[in-house]
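Raw contents of input.cif, mmCIF, C-alpha atoms:
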```cif
data_input
loop_
_atom_site.label_atom_id
_atom_site.label_comp_id
_atom_site.auth_asym_id
_atom_site.auth_seq_id
_atom_site.Cartn_x
_atom_site.Cartn_y
_atom_site.Cartn_z
CA MET A 1202 0.00 0.00 0.00
CA ASN A 1203 2.81 2.40 0.89
CA SER A 1204 4.49 1.87 -2.47
CA ILE A 1205 1.38 3.25 -4.19
CA ARG A 1206 0.65 5.96 -1.70
CA VAL A 1207 3.96 7.78 -1.28
CA PRO A 1208 4.62 8.76 -4.93
CA VAL A 1209 1.10 10.18 -5.26
CA VAL A 1210 1.54 12.34 -2.18
CA GLU A 1211 4.84 13.60 -3.56
CA LYS A 1212 3.23 14.46 -6.88
CA ILE A 1213 0.51 16.49 -5.15
CA LEU A 1214 3.09 18.39 -3.10
CA SER A 1215 5.22 19.19 -6.11
CA ALA A 1216 2.24 20.58 -8.06
CA ASN A 1217 1.20 22.50 -4.96
CA ASP A 1218 4.64 24.06 -4.64
CA GLN A 1219 4.51 25.27 -8.25
CA LEU A 1220 1.11 26.84 -7.71
CA ALA A 1221 2.23 28.38 -4.43
CA HIS A 1222 5.09 30.01 -6.32
CA GLN A 1223 2.57 31.43 -8.82
CA ASN A 1224 0.39 32.76 -6.01
CA ARG A 1225 3.42 34.44 -4.43
CA SER A 1226 4.44 36.12 -7.72
CA PHE A 1227 0.87 37.24 -8.42
CA LEU A 1228 0.40 38.77 -4.96
CA LYS A 1229 3.77 40.51 -5.30
CA SER A 1230 2.71 42.01 -8.64
CA LYS A 1231 -0.42 43.38 -6.93
CA GLY A 1232 1.55 44.74 -3.97
CA VAL A 1233 -0.42 42.61 -1.51
CA PHE A 1234 1.30 41.25 1.62
CA SER A 1235 -0.09 37.87 2.69
CA ILE A 1236 -0.29 35.76 5.84
CA ASN A 1237 -1.26 32.12 6.31
CA ILE A 1238 -2.67 31.57 9.81
CA MET A 1239 -2.61 28.01 11.08
CA ALA A 1240 -3.89 26.70 14.42
CA SER A 1241 -5.68 23.94 16.23
CA PRO A 1242 -9.51 24.10 16.12
CA GLY A 1243 -10.70 26.67 18.64
CA ALA A 1244 -7.37 28.45 19.20
CA GLY A 1245 -9.13 31.71 18.37
CA LYS A 1246 -8.08 32.37 14.76
CA THR A 1247 -11.19 34.31 13.72
CA SER A 1248 -11.24 36.49 16.86
CA PHE A 1249 -7.53 37.18 16.34
CA ILE A 1250 -8.16 38.18 12.70
CA LEU A 1251 -11.04 40.46 13.78
CA GLN A 1252 -8.77 42.15 16.36
CA THR A 1253 -6.02 42.51 13.74
CA ILE A 1254 -8.47 44.11 11.28
CA GLN A 1255 -9.65 46.48 14.02
CA GLY A 1256 -6.04 47.39 14.88
CA LEU A 1257 -5.12 48.10 11.25
CA LYS A 1258 -8.25 50.17 10.51
CA ASN A 1259 -7.44 53.40 8.67
CA ARG A 1260 -3.90 52.13 8.10
CA MET A 1261 -4.41 49.55 5.37
CA ASN A 1262 -7.03 47.59 3.42
CA VAL A 1263 -7.44 43.97 4.40
CA GLY A 1264 -9.09 41.00 2.69
CA VAL A 1265 -9.64 37.55 4.20
CA ILE A 1266 -9.85 33.97 2.91
CA GLU A 1267 -11.55 31.57 5.33
CA GLY A 1268 -10.91 27.83 5.02
CA ASP A 1269 -13.28 25.26 6.49
CA THR A 1270 -13.84 21.55 5.94
CA ALA A 1271 -17.61 22.00 5.81
CA ALA A 1272 -19.93 24.20 3.76
CA VAL A 1273 -20.40 26.81 6.46
CA THR A 1274 -19.85 30.57 6.34
CA ILE A 1275 -19.73 31.25 10.11
CA ASP A 1276 -16.22 32.76 10.01
CA ALA A 1277 -16.54 34.62 6.67
CA ASP A 1278 -19.82 36.12 7.93
CA LYS A 1279 -18.08 37.48 11.05
CA ILE A 1280 -15.44 39.16 8.84
CA SER A 1281 -18.00 40.54 6.35
CA GLU A 1282 -20.01 42.01 9.22
CA VAL A 1283 -17.18 44.45 9.94
CA GLY A 1284 -17.09 45.54 6.29
CA ILE A 1285 -14.06 43.54 5.17
CA PRO A 1286 -14.12 41.48 1.94
CA ALA A 1287 -14.09 37.79 2.85
CA VAL A 1288 -14.18 34.59 0.81
CA GLN A 1289 -15.12 31.23 2.28
CA ILE A 1290 -13.43 28.12 0.89
CA ASN A 1291 -14.96 24.73 1.59
CA THR A 1292 -12.21 22.09 1.36
CA GLY A 1293 -14.75 19.32 0.89
CA GLY A 1294 -13.52 17.42 3.92
CA ASP A 1295 -9.79 17.98 3.32
CA CYS A 1296 -7.81 18.80 6.45
CA HIS A 1297 -5.95 21.81 4.98
CA LEU A 1298 -6.06 24.51 2.33
CA ASP A 1299 -3.77 24.13 -0.68
CA ALA A 1300 -2.36 26.58 -3.23
CA VAL A 1301 -5.08 25.75 -5.81
CA MET A 1302 -7.87 26.61 -3.39
CA VAL A 1303 -6.13 29.85 -2.44
CA ALA A 1304 -5.61 30.79 -6.12
CA GLY A 1305 -9.35 30.36 -6.62
CA GLY A 1306 -10.22 32.32 -3.50
CA MET A 1307 -7.89 35.20 -4.37
CA GLN A 1308 -9.76 35.78 -7.64
CA GLN A 1309 -12.85 36.65 -5.63
CA LEU A 1310 -11.07 39.31 -3.57
CA PRO A 1311 -10.54 42.93 -4.78
CA LEU A 1312 -6.75 42.51 -4.74
CA GLU A 1313 -6.17 45.82 -6.59
CA ASN A 1314 -7.45 47.65 -3.52
CA LEU A 1315 -5.82 45.48 -0.84
CA ASP A 1316 -2.61 45.89 1.14
CA LEU A 1317 -2.94 42.73 3.19
CA MET A 1318 -4.55 39.33 2.58
CA ILE A 1319 -5.08 37.09 5.59
CA ILE A 1320 -5.76 33.38 5.11
CA GLU A 1321 -7.36 31.41 7.92
CA ASN A 1322 -6.38 27.80 7.32
CA VAL A 1323 -8.44 24.78 8.46
CA GLY A 1324 -8.09 24.17 12.21
CA ASN A 1325 -5.47 21.43 12.25
CA LEU A 1326 -1.94 20.98 13.63
CA VAL A 1327 -0.83 18.32 11.15
CA CYS A 1328 -1.93 18.68 7.51
CA PRO A 1329 -1.49 22.44 6.85
CA ALA A 1330 2.24 22.19 7.66
CA ALA A 1331 2.91 20.34 4.39
CA PHE A 1332 1.19 22.77 2.00
CA ASP A 1333 2.81 26.08 1.03
CA LEU A 1334 0.04 28.49 0.00
CA GLY A 1335 2.34 31.15 -1.48
CA THR A 1336 2.02 33.62 1.40
CA ASP A 1337 4.79 35.95 2.56
CA ILE A 1338 4.64 34.62 6.09
CA ASN A 1339 3.18 31.67 7.97
CA ILE A 1340 2.12 32.05 11.56
CA LEU A 1341 0.79 29.60 14.10
CA ILE A 1342 -1.66 30.47 16.85
CA ALA A 1343 -1.31 28.25 19.90
CA SER A 1344 -3.67 28.82 22.81
CA VAL A 1345 -3.07 28.51 26.53
CA PRO A 1346 -5.82 25.92 27.28
CA GLU A 1347 -4.36 23.56 24.63
CA GLY A 1348 -1.42 22.95 26.96
CA ASP A 1349 2.31 23.58 26.96
CA ASP A 1350 3.33 20.28 25.34
CA LYS A 1351 2.08 20.93 21.80
CA PRO A 1352 5.49 21.84 20.25
CA TYR A 1353 6.75 18.44 21.36
CA LYS A 1354 3.74 16.58 19.93
CA TYR A 1355 3.15 18.46 16.65
CA PRO A 1356 6.71 19.53 15.74
CA ASN A 1357 6.29 19.92 11.96
CA ILE A 1358 3.87 22.83 12.16
CA TYR A 1359 6.25 24.74 14.44
CA ARG A 1360 9.12 24.46 11.94
CA GLY A 1361 7.91 26.50 8.98
CA ILE A 1362 6.56 29.58 10.78
CA GLN A 1363 7.96 33.09 11.27
CA CYS A 1364 5.80 33.99 14.26
CA LEU A 1365 4.15 32.05 17.08
CA VAL A 1366 1.16 33.76 18.67
CA LEU A 1367 0.23 32.36 22.07
CA ASN A 1368 -3.44 33.31 22.40
CA LYS A 1369 -5.85 33.26 25.37
CA THR A 1370 -3.28 34.43 27.93
CA ASP A 1371 -6.28 35.68 29.94
CA LEU A 1372 -6.82 32.00 30.87
CA LEU A 1373 -3.31 31.57 32.35
CA PRO A 1374 -4.57 31.94 35.95
CA TYR A 1375 -7.03 29.06 35.47
CA VAL A 1376 -4.97 26.36 33.72
CA ASP A 1377 -1.63 24.61 34.20
CA PHE A 1378 0.69 26.08 31.57
CA ASN A 1379 4.46 26.29 31.90
CA LEU A 1380 5.49 29.09 29.53
CA GLU A 1381 9.20 28.23 29.77
CA TYR A 1382 8.61 24.56 28.87
CA PHE A 1383 6.45 25.69 25.94
CA LYS A 1384 9.07 28.18 24.66
CA GLN A 1385 11.86 25.64 25.10
CA GLY A 1386 10.01 23.19 22.85
CA ILE A 1387 9.66 25.84 20.16
CA ARG A 1388 13.29 27.02 20.38
CA ILE A 1389 14.51 23.47 19.68
CA LEU A 1390 12.42 23.28 16.49
CA ASN A 1391 12.66 26.86 15.25
CA PRO A 1392 15.31 28.93 17.06
CA GLY A 1393 14.63 32.20 15.22
CA VAL A 1394 10.86 32.37 15.54
CA ASP A 1395 9.27 35.28 17.39
CA ILE A 1396 6.91 34.29 20.21
CA LEU A 1397 4.12 36.74 21.02
CA PRO A 1398 1.81 36.02 23.98
CA LEU A 1399 -1.51 37.88 23.75
CA SER A 1400 -5.23 37.74 24.35
CA SER A 1401 -7.62 38.48 21.47
CA LYS A 1402 -10.34 38.73 24.11
CA THR A 1403 -8.83 41.43 26.34
CA GLY A 1404 -6.60 42.94 23.63
CA GLU A 1405 -3.49 42.59 25.81
CA GLY A 1406 -0.41 42.01 23.64
CA MET A 1407 -2.18 42.91 20.35
CA ASP A 1408 -0.04 46.06 19.94
CA ALA A 1409 3.16 44.01 19.89
CA TRP A 1410 1.65 41.73 17.23
CA LEU A 1411 0.52 44.67 15.07
CA ALA A 1412 3.98 46.26 15.36
CA TRP A 1413 5.59 42.94 14.38
CA LEU A 1414 3.31 42.61 11.35
CA CYS A 1415 3.69 46.22 10.16
CA LYS A 1416 7.49 45.90 10.40
CA ARG A 1417 7.40 42.83 8.08
CA ILE A 1418 5.09 44.61 5.63
CA ASN A 1419 7.35 47.70 5.53
CA GLU A 1420 10.48 45.60 5.15
CA LYS A 1421 8.97 43.93 2.11
CA LYS A 1422 7.90 47.25 0.59
CA HIS A 1423 11.41 48.66 0.95
CA ALA A 1424 13.00 45.50 -0.45
CA GLN A 1425 10.88 45.85 -3.59
CA LYS A 1426 11.85 49.47 -4.25
CA MET B 960 -4.58 15.09 -10.16
CA ASN B 961 -7.92 14.17 -8.59
CA SER B 962 -8.36 11.26 -10.97
CA ILE B 963 -5.20 9.68 -9.52
CA ARG B 964 -5.84 10.64 -5.95
CA VAL B 965 -9.38 9.53 -5.27
CA PRO B 966 -9.09 5.83 -6.17
CA VAL B 967 -5.99 5.51 -3.96
CA VAL B 968 -7.78 7.01 -0.97
CA GLU B 969 -10.67 4.63 -1.56
CA LYS B 970 -8.31 1.66 -1.68
CA ILE B 971 -6.74 2.65 1.64
CA LEU B 972 -10.13 3.02 3.30
CA SER B 973 -11.37 -0.30 2.02
CA ALA B 974 -8.26 -2.14 3.28
CA ASN B 975 -8.58 -0.23 6.57
CA ASP B 976 -12.19 -1.36 6.98
CA GLN B 977 -11.20 -4.99 6.51
CA LEU B 978 -8.45 -4.69 9.09
CA ALA B 979 -10.77 -2.85 11.48
CA HIS B 980 -13.17 -5.79 11.20
CA GLN B 981 -10.31 -8.17 12.08
CA ASN B 982 -9.34 -6.05 15.08
CA ARG B 983 -12.96 -6.08 16.28
CA SER B 984 -13.21 -9.87 16.00
CA PHE B 985 -9.86 -10.38 17.70
CA LEU B 986 -10.74 -8.11 20.64
CA LYS B 987 -14.10 -9.86 20.98
CA SER B 988 -12.35 -13.26 21.13
CA LYS B 989 -10.19 -11.93 23.97
CA GLY B 990 -13.16 -10.43 25.81
CA VAL B 991 -11.68 -6.92 25.64
CA PHE B 992 -13.98 -3.90 25.32
CA SER B 993 -12.41 -1.08 23.30
CA ILE B 994 -12.79 2.70 22.93
CA ASN B 995 -11.38 5.06 20.32
CA ILE B 996 -11.00 8.56 21.78
CA MET B 997 -10.82 11.38 19.27
CA ALA B 998 -10.38 15.11 19.97
CA SER B 999 -8.75 18.33 18.93
CA PRO B 1000 -5.16 18.84 20.17
CA GLY B 1001 -5.25 19.94 23.79
CA ALA B 1002 -8.84 18.93 24.55
CA GLY B 1003 -7.52 16.94 27.49
CA LYS B 1004 -7.56 13.36 26.18
CA THR B 1005 -4.68 12.08 28.32
CA SER B 1006 -5.95 13.67 31.55
CA PHE B 1007 -9.38 12.22 30.81
CA ILE B 1008 -7.88 8.75 30.29
CA LEU B 1009 -5.92 9.06 33.55
CA GLN B 1010 -9.10 10.02 35.42
CA THR B 1011 -10.95 7.12 33.79
CA ILE B 1012 -8.22 4.67 34.82
CA GLN B 1013 -8.34 6.04 38.37
CA GLY B 1014 -12.15 5.69 38.44
CA LEU B 1015 -12.05 2.07 37.22
CA LYS B 1016 -9.26 1.00 39.60
CA ASN B 1017 -10.02 -2.32 41.32
CA ARG B 1018 -12.97 -2.80 38.95
CA MET B 1019 -11.23 -3.79 35.70
CA ASN B 1020 -7.83 -4.01 34.00
CA VAL B 1021 -7.11 -1.32 31.44
CA GLY B 1022 -4.51 -1.00 28.66
CA VAL B 1023 -3.85 2.08 26.53
CA ILE B 1024 -2.63 2.78 23.00
CA GLU B 1025 -1.34 6.33 22.49
CA GLY B 1026 -1.18 7.80 18.99
CA ASP B 1027 1.07 10.75 18.13
CA THR B 1028 2.42 12.20 14.91
CA ALA B 1029 5.91 12.53 16.36
CA ALA B 1030 8.30 10.12 18.05
CA VAL B 1031 7.47 11.23 21.57
CA THR B 1032 6.33 9.17 24.56
CA ILE B 1033 4.96 12.00 26.73
CA ASP B 1034 1.44 10.56 26.92
CA ALA B 1035 2.41 6.88 27.16
CA ASP B 1036 4.85 7.78 29.96
CA LYS B 1037 2.03 9.45 31.94
CA ILE B 1038 -0.08 6.29 31.63
CA SER B 1039 2.81 3.94 32.48
CA GLU B 1040 3.61 6.00 35.58
CA VAL B 1041 0.29 4.92 37.13
CA GLY B 1042 1.12 1.26 36.48
CA ILE B 1043 -1.04 0.75 33.37
CA PRO B 1044 0.33 -0.98 30.25
CA ALA B 1045 0.69 1.61 27.48
CA VAL B 1046 1.94 1.46 23.90
CA GLN B 1047 2.98 4.55 21.97
CA ILE B 1048 2.37 4.59 18.21
CA ASN B 1049 4.20 7.14 16.08
CA THR B 1050 2.15 7.73 12.91
CA GLY B 1051 5.18 9.17 11.12
CA GLY B 1052 3.44 12.46 10.44
CA ASP B 1053 0.02 11.01 9.55
CA CYS B 1054 -2.92 12.91 11.00
CA HIS B 1055 -4.75 9.84 12.36
CA LEU B 1056 -4.34 6.29 13.56
CA ASP B 1057 -5.52 3.49 11.27
CA ALA B 1058 -6.50 -0.14 11.83
CA VAL B 1059 -3.04 -1.45 10.84
CA MET B 1060 -1.30 0.70 13.43
CA VAL B 1061 -3.79 -0.41 16.08
CA ALA B 1062 -3.34 -4.09 15.13
CA GLY B 1063 0.41 -3.61 15.67
CA GLY B 1064 -0.09 -1.78 18.94
CA MET B 1065 -2.49 -4.39 20.33
CA GLN B 1066 0.13 -7.11 19.96
CA GLN B 1067 2.27 -5.27 22.49
CA LEU B 1068 -0.48 -5.14 25.11
CA PRO B 1069 -1.25 -8.04 27.52
CA LEU B 1070 -4.76 -8.50 26.06
CA GLU B 1071 -5.31 -11.79 27.92
CA ASN B 1072 -5.36 -9.85 31.18
CA LEU B 1073 -7.31 -6.80 29.99
CA ASP B 1074 -10.99 -5.90 30.23
CA LEU B 1075 -10.74 -2.53 28.51
CA MET B 1076 -8.45 -1.10 25.83
CA ILE B 1077 -8.46 2.68 25.39
CA ILE B 1078 -7.02 4.21 22.21
CA GLU B 1079 -6.01 7.87 22.23
CA ASN B 1080 -6.10 8.97 18.61
CA VAL B 1081 -3.98 11.80 17.14
CA GLY B 1082 -5.32 15.22 18.12
CA ASN B 1083 -7.32 16.16 15.02
CA LEU B 1084 -10.96 16.90 14.18
CA VAL B 1085 -10.78 15.91 10.51
CA CYS B 1086 -8.73 12.82 9.59
CA PRO B 1087 -9.61 10.33 12.38
CA ALA B 1088 -13.30 10.47 11.40
CA ALA B 1089 -12.61 8.49 8.22
CA PHE B 1090 -10.73 5.56 9.78
CA ASP B 1091 -12.53 2.81 11.69
CA LEU B 1092 -10.06 1.25 14.13
CA GLY B 1093 -12.25 -1.73 15.06
CA THR B 1094 -13.24 -0.45 18.51
CA ASP B 1095 -16.60 -1.11 20.17
CA ILE B 1096 -17.28 2.58 20.59
CA ASN B 1097 -15.94 5.89 19.32
CA ILE B 1098 -16.10 8.96 21.51
CA LEU B 1099 -15.18 12.57 20.90
CA ILE B 1100 -13.86 14.92 23.56
CA ALA B 1101 -14.71 18.54 22.88
CA SER B 1102 -13.45 21.16 25.33
CA VAL B 1103 -15.08 24.38 26.49
CA PRO B 1104 -12.27 26.78 25.43
CA GLU B 1105 -12.42 25.44 21.83
CA GLY B 1106 -15.75 27.20 21.42
CA ASP B 1107 -19.37 26.23 20.87
CA ASP B 1108 -19.25 26.29 17.04
CA LYS B 1109 -17.14 23.18 16.46
CA PRO B 1110 -20.03 20.80 15.55
CA TYR B 1111 -20.95 23.20 12.75
CA LYS B 1112 -17.37 23.42 11.45
CA TYR B 1113 -16.18 19.82 11.83
CA PRO B 1114 -19.42 17.88 11.27
CA ASN B 1115 -17.98 14.54 10.12
CA ILE B 1116 -16.28 13.72 13.38
CA TYR B 1117 -19.53 14.29 15.29
CA ARG B 1118 -21.44 11.80 13.12
CA GLY B 1119 -19.76 8.48 13.94
CA ILE B 1120 -19.60 8.72 17.74
CA GLN B 1121 -21.67 7.15 20.53
CA CYS B 1122 -20.70 9.65 23.23
CA LEU B 1123 -19.64 13.29 23.27
CA VAL B 1124 -17.63 14.34 26.31
CA LEU B 1125 -17.52 18.10 26.85
CA ASN B 1126 -14.35 18.56 28.91
CA LYS B 1127 -12.97 21.55 30.87
CA THR B 1128 -16.36 22.68 32.19
CA ASP B 1129 -14.34 24.33 35.01
CA LEU B 1130 -13.47 27.04 32.45
CA LEU B 1131 -17.13 27.88 31.66
CA PRO B 1132 -17.09 31.00 33.90
CA TYR B 1133 -14.12 32.45 31.98
CA VAL B 1134 -15.05 31.91 28.31
CA ASP B 1135 -18.02 32.59 26.03
CA PHE B 1136 -19.66 29.22 25.47
CA ASN B 1137 -23.33 28.71 24.67
CA LEU B 1138 -24.10 25.14 25.72
CA GLU B 1139 -27.49 25.11 23.99
CA TYR B 1140 -26.01 26.25 20.66
CA PHE B 1141 -23.32 23.58 20.99
CA LYS B 1142 -25.83 20.81 21.79
CA GLN B 1143 -28.13 21.93 18.98
CA GLY B 1144 -25.28 21.56 16.47
CA ILE B 1145 -24.63 18.01 17.69
CA ARG B 1146 -28.30 16.97 17.70
CA ILE B 1147 -28.62 17.88 14.01
CA LEU B 1148 -25.66 15.65 13.10
CA ASN B 1149 -26.15 12.80 15.54
CA PRO B 1150 -29.56 12.84 17.27
CA GLY B 1151 -28.96 9.78 19.47
CA VAL B 1152 -25.54 10.63 20.88
CA ASP B 1153 -25.11 11.05 24.64
CA ILE B 1154 -23.56 14.36 25.71
CA LEU B 1155 -21.63 14.33 28.98
CA PRO B 1156 -20.21 17.64 30.32
CA LEU B 1157 -17.37 17.12 32.79
CA SER B 1158 -14.03 18.36 34.05
CA SER B 1159 -11.07 15.97 34.16
CA LYS B 1160 -9.34 18.57 36.33
CA THR B 1161 -11.92 18.88 39.13
CA GLY B 1162 -13.46 15.43 38.59
CA GLU B 1163 -16.96 16.90 38.29
CA GLY B 1164 -19.09 14.78 35.93
CA MET B 1165 -16.62 11.86 35.82
CA ASP B 1166 -19.05 9.58 37.70
CA ALA B 1167 -21.67 9.98 34.96
CA TRP B 1168 -19.06 9.08 32.34
CA LEU B 1169 -17.88 6.01 34.26
CA ALA B 1170 -21.49 4.87 34.70
CA TRP B 1171 -22.11 5.38 30.96
CA LEU B 1172 -19.01 3.35 30.07
CA CYS B 1173 -19.64 0.50 32.52
CA LYS B 1174 -23.22 0.19 31.22
CA ARG B 1175 -21.91 -0.27 27.63
CA ILE B 1176 -19.32 -2.81 28.78
CA ASN B 1177 -21.94 -4.82 30.70
CA GLU B 1178 -24.41 -4.69 27.81
CA LYS B 1179 -21.79 -6.17 25.52
CA LYS B 1180 -20.90 -8.91 28.01
CA HIS B 1181 -24.56 -9.93 28.32
CA ALA B 1182 -25.08 -9.85 24.55
CA GLN B 1183 -22.21 -12.32 24.14
CA LYS B 1184 -23.56 -14.81 26.66
#
```
Just dump the structure as structure tokens.
Amino acid sequence: MNSIRVPVVEKILSANDQLAHQNRSFLKSKGVFSINIMASPGAGKTSFILQTIQGLKNRMNVGVIEGDTAAVTIDADKISEVGIPAVQINTGGDCHLDAVMVAGGMQQLPLENLDLMIIENVGNLVCPAAFDLGTDINILIASVPEGDDKPYKYPNIYRGIQCLVLNKTDLLPYVDFNLEYFKQGIRILNPGVDILPLSSKTGEGMDAWLAWLCKRINEKKHAQK
Amino acid sequence: MNSIRVPVVEKILSANDQLAHQNRSFLKSKGVFSINIMASPGAGKTSFILQTIQGLKNRMNVGVIEGDTAAVTIDADKISEVGIPAVQINTGGDCHLDAVMVAGGMQQLPLENLDLMIIENVGNLVCPAAFDLGTDINILIASVPEGDDKPYKYPNIYRGIQCLVLNKTDLLPYVDFNLEYFKQGIRILNPGVDILPLSSKTGEGMDAWLAWLCKRINEKKHAQK
């Protein structure tokens, strides 16, 4: 069974990488900075995106692609309600977005008018790690109630990210979470990654995240000049 | 690409179903009741299993199979520390256990002496839903901080279960969670499923779960007589 399965998986990844490269070039030509947000289900991705949109208001135009395994529009509706263009992608049961899905979703966004495109991947700590979407940066949102051992158990998804957001810090008083143990696990896998603890609920720590993001966006703009 | 991919996935599932059937027959011949526990990462599967073991102490012999995507033994070590036989399966990056892995794991457990085998699946709300492991029952652990919208977003995993454990009820005062909205989402997908709110941390609600489990075990014993 493995002898059939492995080559097919490799073929999918290779095609995905080519399409991710195309997405990256296309977004660059439109001057749109892009983020792929990955996380476990319920880590607070949509709330975090809403807070980010709020924080960037009057500073830049944002568009959002929402990935879900089912044909629901719960998350895209929340984004649209605050007046931001949002596209919902139904993966048809697949456990991750891929570059083809994102290419299709991008076409439905007004890219000419956007500065930033945020992609909310399917809630999953395994599958999304293997699929480059063509974004400028990949970030992972971990959340305090998930526990401090996740870097040790889901190492792959911690490897390809530029920023680790630790969400729901408002729950730290109520759960057992050893921040040092958590950070140590990440440092082993990805020594250079920035770790930003915050709470989308209370807003604490959001300023540091917005500063981090704006710095990356400006760096890219200057590099292109 | 799809024309290559779909038949291969079907072939894997069909072989898996055959092996799951073999696992089921084998466990029946040994008189071992079995549970497949699925959940999102960090929903508290291992703590729940530890509490279950503690609650069943002196009543039956338990063995545990722990599934993880990485070569870690964090969870199996926690189980072994309380004197319970535990086997760790590394899926090699796969987002779920399958019947072959479980068949291999079972051979390392002292089934002759066991009454109950608990399988902790990989933390994932998508992939495990598609793979029957051959257990008597499948349960899903949702947790309060994940949010009340998960049945709507990850419907497949809610369909094939006999019991839904809602863990971390001790965090209800600190997060926004509408229990009725959550239950309503489950009832649409799986009208007959039992929903048991509890906290592995405080122990509240564990008695109802243990009673539920022992009832299923006894029912099976009587059906086999």
> Hey, what comes out of the PyMOL selection byres ((chain B) within 8 of (chain A)) on this file? Could you write it as a ChimeraX atom specification?
Replying inline: /B:960,963-964,967,971,999-1003,1027-1029,1031,1052-1054,1083-1086,1104-1106,1109,1111-1114,1130,1133
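Atom pair atom CA of B:Asn1080 / atom CA of A:Arg1360: separated by 22.7 Å.
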> the PyMOL selection byres ((chain A and resi 1231) around 12) on the file shown: which residues, as number ranges by chain?
Replying inline: A: 1224-1230, 1232-1235, 1307, 1310-1318, 1422
How would you write, as a compact mmCIF listing (two decimals) with C-alpha atoms, in the coordinates of the input, the residues chosen by the PyMOL selection byres ((chain B and resi 1120-1122) around 8) on this structure?
```txt
# COMPACT_ATOMS: atom_id res chain seq x y z
CA ILE B 1096 -17.28 2.58 20.59
CA ASN B 1097 -15.94 5.89 19.32
CA ILE B 1098 -16.10 8.96 21.51
CA LEU B 1099 -15.18 12.57 20.90
CA ILE B 1116 -16.28 13.72 13.38
CA TYR B 1117 -19.53 14.29 15.29
CA ARG B 1118 -21.44 11.80 13.12
CA GLY B 1119 -19.76 8.48 13.94
CA LEU B 1123 -19.64 13.29 23.27
CA VAL B 1124 -17.63 14.34 26.31
CA GLY B 1151 -28.96 9.78 19.47
CA VAL B 1152 -25.54 10.63 20.88
CA ASP B 1153 -25.11 11.05 24.64
CA ILE B 1154 -23.56 14.36 25.71
CA LEU B 1155 -21.63 14.33 28.98
```
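Coordinates place atom CA of A:Asn1262 at a distance of 20.1 Å from atom CA of A:Gly1305.
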> To one decimal place, how far is atom CA of A:Leu1257 from atom CA of A:Ile1342 in Å?
Replying inline: 18.8 Å
>> Env of A:Pro1398: 9 Å cut, atoms = all atoms listed in the file, seq-sep filter 6 positions within chain, self excluded. Answer as a ChimeraX atom specification.
In response: /A:1365-1370,1405-1407,1410
Please save C-alpha atoms of the selected residues as a tab-separated table (two decimals), in the frame of the given file.
```
chain	number	residue	atom	x	y	z
A	1365	LEU	CA	4.15	32.05	17.08
A	1366	VAL	CA	1.16	33.76	18.67
A	1367	LEU	CA	0.23	32.36	22.07
A	1368	ASN	CA	-3.44	33.31	22.40
A	1369	LYS	CA	-5.85	33.26	25.37
A	1370	THR	CA	-3.28	34.43	27.93
A	1405	GLU	CA	-3.49	42.59	25.81
A	1406	GLY	CA	-0.41	42.01	23.64
A	1407	MET	CA	-2.18	42.91	20.35
A	1410	TRP	CA	1.65	41.73	17.23
```
> Between A:Phe1383, A:Gly1268, A:Ile1319, A:Lys1258, which has the minimum distance to A:Gly1293 (counting all atoms listed in the file)?
Replying inline: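 Answer, going by the shortest atom-to-atom distance: A:Gly1268.
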Take every atom of stretch 1242-1248 of chain A listed in the file, pad by 4 Å on each side, and give me the axis-aligned box centre and edge lengths in Å, one decimal, as JSON.
```
{"center_x": -9.3, "center_y": 30.3, "center_z": 16.5, "size_x": 11.9, "size_y": 20.4, "size_z": 13.5}
```
>> Show me, as a ChimeraX atom specification, the residues that have an atom within 12 Å of B:Asp1166 when counting all atoms listed in the file, minus same-chain residues fewer than 6 positions from it.
In response: /B:1010-1011,1013-1015,1155-1159,1172-1173
